[in-house]
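Inspection log for the structure reproduced underneath, given as structure tokens.
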Amino acid sequence: MVNERPAIAKVLIAGASGVGKTSLVHSYVFDGFTEVAPTIGVNFAQKLWNGENGPINLSIWDLSGHPRFRCLMPRFCTGTTGVVLMFDLTAPESLETARKWLHYISSWNAPDHEYSVVLVGNKADLTPHIQPKTIHSVCAEERITEYIQCSAKSGKNIKRVFDTLCSAMQRTHLEFNEQPHNLIHSST
């Protein structure tokens with residue numbers, strides 16, 4: 001018997017205010033860029049992702065990067081399955097803020113809770129102000145294996161961000177692989 005409904009993955013979009021988190025989500029979910037206002041608290045979206053190992057129903061939580069909303073975030077971050085950790089390639093301080101978000105999310109989940117992380121440098125359509133070696137150093141220090149540059153405005157690599165995250169979640173969490181359940185294999 002095959003599970004008829006795809007598993008639900010809780011995906012957080014986290015980073016500093018103004019890095020383009022809401023634009024990224026909007027570009028992915030609605031296939032296009034629109035100017036958006038800063039998020040107040042949390043925005044929510046859903047999208048079905050279809051991969052070679054089966055579909056995943058993405059429950060996407062776009063978290064406000066403004067510090068005044070941080071007290072609300074623990075309740076939204078528990079049970080995380082995947083994180084798109086964003087920074088702005090034109091704003092060096094946003095990379096350090098992204099790093100802080102990773103630590104917050106970790107502290108708001110159980111110590112043994114596993115989730116996949118993709119570091120995303122947004123605004124690749126503009127001239128970057130962060131050296132690649134700085135980004136690679138953060139990835140090494142935080143043990144982040146996936147890094148992608150994108151542009152929510154032009155659409156460059158938006159789908160790749162979510163494809164990469166979902167593939168990582170399927171490697172980490174068996175419930176995101178379409179598998180027959182209740183089958184007993186015998187070696188007689």
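Lettering and numbering for the structure tokens are positional, with chains as A, B, ... in the shown order, residues counted from 1 in each chain, and ligands counted from 1 in the shown order.
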### Task
Could you please write out, as a PyMOL selection string, every residue of chain A that DSSP assigns to alpha helix (DSSP H)?
chain A and resi 21-30+73-77+92-107+132-142+158-172
### Task
Pick out the closest residue to Asp62 of chain A from this set: A:Ala98, A:Ile13, A:Val84, A:Ala110. Count only C-alpha atoms.
A:Ile13
### Message
I'd like the neighbourhood of His66 of chain A as a count of residues only, where a residue qualifies if any of its atoms comes within 7 Å (using only C-alpha atoms), though same-chain residues fewer than 2 positions away should be ignored.
### Response
5
If you take only C-alpha atoms and a cut-off of 8 Å, which residues of segment 118-181 of chain A touch segment 51-61 of chain A, and what are their nearest atom pairs and distances in Å to one decimal, in chain and number order, as JSON lines?
{"residue": "A:Asp163", "atom": "CA", "partner": "A:Gly51", "partner_atom": "CA", "distance": 7.8}
{"residue": "A:Cys166", "atom": "CA", "partner": "A:Ile56", "partner_atom": "CA", "distance": 7.6}
{"residue": "A:Ser167", "atom": "CA", "partner": "A:Gly51", "partner_atom": "CA", "distance": 7.4}
{"residue": "A:Gln170", "atom": "CA", "partner": "A:Asn53", "partner_atom": "CA", "distance": 7.4}
{"residue": "A:Phe176", "atom": "CA", "partner": "A:Ile56", "partner_atom": "CA", "distance": 6.2}
{"residue": "A:Asn177", "atom": "CA", "partner": "A:Asn53", "partner_atom": "CA", "distance": 5.2}
{"residue": "A:Glu178", "atom": "CA", "partner": "A:Gly54", "partner_atom": "CA", "distance": 4.7}
### Task
Among the residues of segment 16-116 of chain A, find those DSSP assigns to strand (DSSP E or B) from the backbone and print them as an MDAnalysis selection string.
chainID A and resid 42:51 54:63 82:88 116
Keeping only C-alpha atoms, write those residues as a PDB file, in the first residue's frame.
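File part.pdb, as written:
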ATOM      1  CA  VAL A  42       5.110  35.419   9.682  1.00  0.00           C
ATOM      2  CA  ASN A  43       3.738  34.765   6.185  1.00  0.00           C
ATOM      3  CA  PHE A  44       2.608  31.298   5.171  1.00  0.00           C
ATOM      4  CA  ALA A  45       2.445  29.563   1.787  1.00  0.00           C
ATOM      5  CA  GLN A  46       2.094  26.025   0.478  1.00  0.00           C
ATOM      6  CA  LYS A  47       3.363  24.316  -2.646  1.00  0.00           C
ATOM      7  CA  LEU A  48       3.626  20.749  -3.805  1.00  0.00           C
ATOM      8  CA  TRP A  49       7.149  19.793  -4.891  1.00  0.00           C
ATOM      9  CA  ASN A  50       7.589  16.762  -7.150  1.00  0.00           C
ATOM     10  CA  GLY A  51      10.938  15.030  -7.085  1.00  0.00           C
ATOM     11  CA  GLY A  54       8.185  11.320  -4.697  1.00  0.00           C
ATOM     12  CA  PRO A  55       6.273  14.491  -3.844  1.00  0.00           C
ATOM     13  CA  ILE A  56       6.582  16.677  -0.752  1.00  0.00           C
ATOM     14  CA  ASN A  57       3.894  19.087   0.396  1.00  0.00           C
ATOM     15  CA  LEU A  58       5.861  22.190   1.403  1.00  0.00           C
ATOM     16  CA  SER A  59       4.499  24.222   4.295  1.00  0.00           C
ATOM     17  CA  ILE A  60       6.560  27.408   3.852  1.00  0.00           C
ATOM     18  CA  TRP A  61       6.961  29.788   6.800  1.00  0.00           C
ATOM     19  CA  ASP A  62       8.407  33.167   5.778  1.00  0.00           C
ATOM     20  CA  LEU A  63       9.768  34.649   9.021  1.00  0.00           C
ATOM     21  CA  GLY A  82      14.143  22.438   6.108  1.00  0.00           C
ATOM     22  CA  VAL A  83      15.603  25.943   6.219  1.00  0.00           C
ATOM     23  CA  VAL A  84      16.319  28.401   3.442  1.00  0.00           C
ATOM     24  CA  LEU A  85      18.826  30.653   5.213  1.00  0.00           C
ATOM     25  CA  MET A  86      19.006  33.902   3.254  1.00  0.00           C
ATOM     26  CA  PHE A  87      21.319  36.859   3.049  1.00  0.00           C
ATOM     27  CA  ASP A  88      21.737  39.778   0.664  1.00  0.00           C
ATOM     28  CA  SER A 116      18.264  20.394   6.045  1.00  0.00           C
TER      29      SER A 116
END
### Message
Counting only C-alpha atoms, which residue out of A:Leu126, A:Glu141, A:Tyr104, A:Ile8 sits closest to Arg70 of chain A?
### Response
A:Tyr104
### Message
Ranking A:Ala168, A:Gly155, A:Thr81, A:Ser23 by minimum distance to Tyr115 of chain A and counting only C-alpha atoms, which one comes first?
### Response
A:Thr81
#### Entry: Shortest interatomic distance to His113 of chain A - which of A:Gly15, A:Pro6, A:Gly79, A:Pro74, counting only C-alpha atoms
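Looking only at the distances to His113 of chain A, the closest residue turns out to be A:Gly79.
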### Query
Interatomic distance between atom CA of Ala152 of chain A and atom CA of Glu175 of chain A?
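Taking atom CA of Ala152 of chain A and atom CA of Glu175 of chain A, their separation equals 29.7 Å.
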### Task
Would you please work out which residue, of A:Met169, A:Gly65, A:Ile158, A:Lys21, is nearest to Thr97 of chain A when using only C-alpha atoms?
A:Gly65
### Task
Tell me which protein, DNA and RNA residues are within 9 Å of segment 133-139 of chain A, counting only C-alpha atoms, leaving out same-chain ones fewer than 6 positions away, and put them as a PyMOL selection string.
chain A and resi 95-96+99+119+121+145-147
Deliver the residues from the most recent selection as a file, using C-alpha atoms, as a PDB file, in the first residue's frame.
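In the end it all went to out.pdb:
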ATOM      1  CA  LEU A  95      25.465  37.130   6.195  1.00  0.00           C
ATOM      2  CA  GLU A  96      26.253  37.365   9.911  1.00  0.00           C
ATOM      3  CA  ARG A  99      24.309  32.860  10.780  1.00  0.00           C
ATOM      4  CA  LEU A 119      22.340  28.978   2.387  1.00  0.00           C
ATOM      5  CA  GLY A 121      22.713  34.607  -1.364  1.00  0.00           C
ATOM      6  CA  THR A 145      26.895  21.870   2.442  1.00  0.00           C
ATOM      7  CA  GLU A 146      24.493  23.649   0.078  1.00  0.00           C
ATOM      8  CA  TYR A 147      25.010  27.256  -1.074  1.00  0.00           C
TER       9      TYR A 147
END
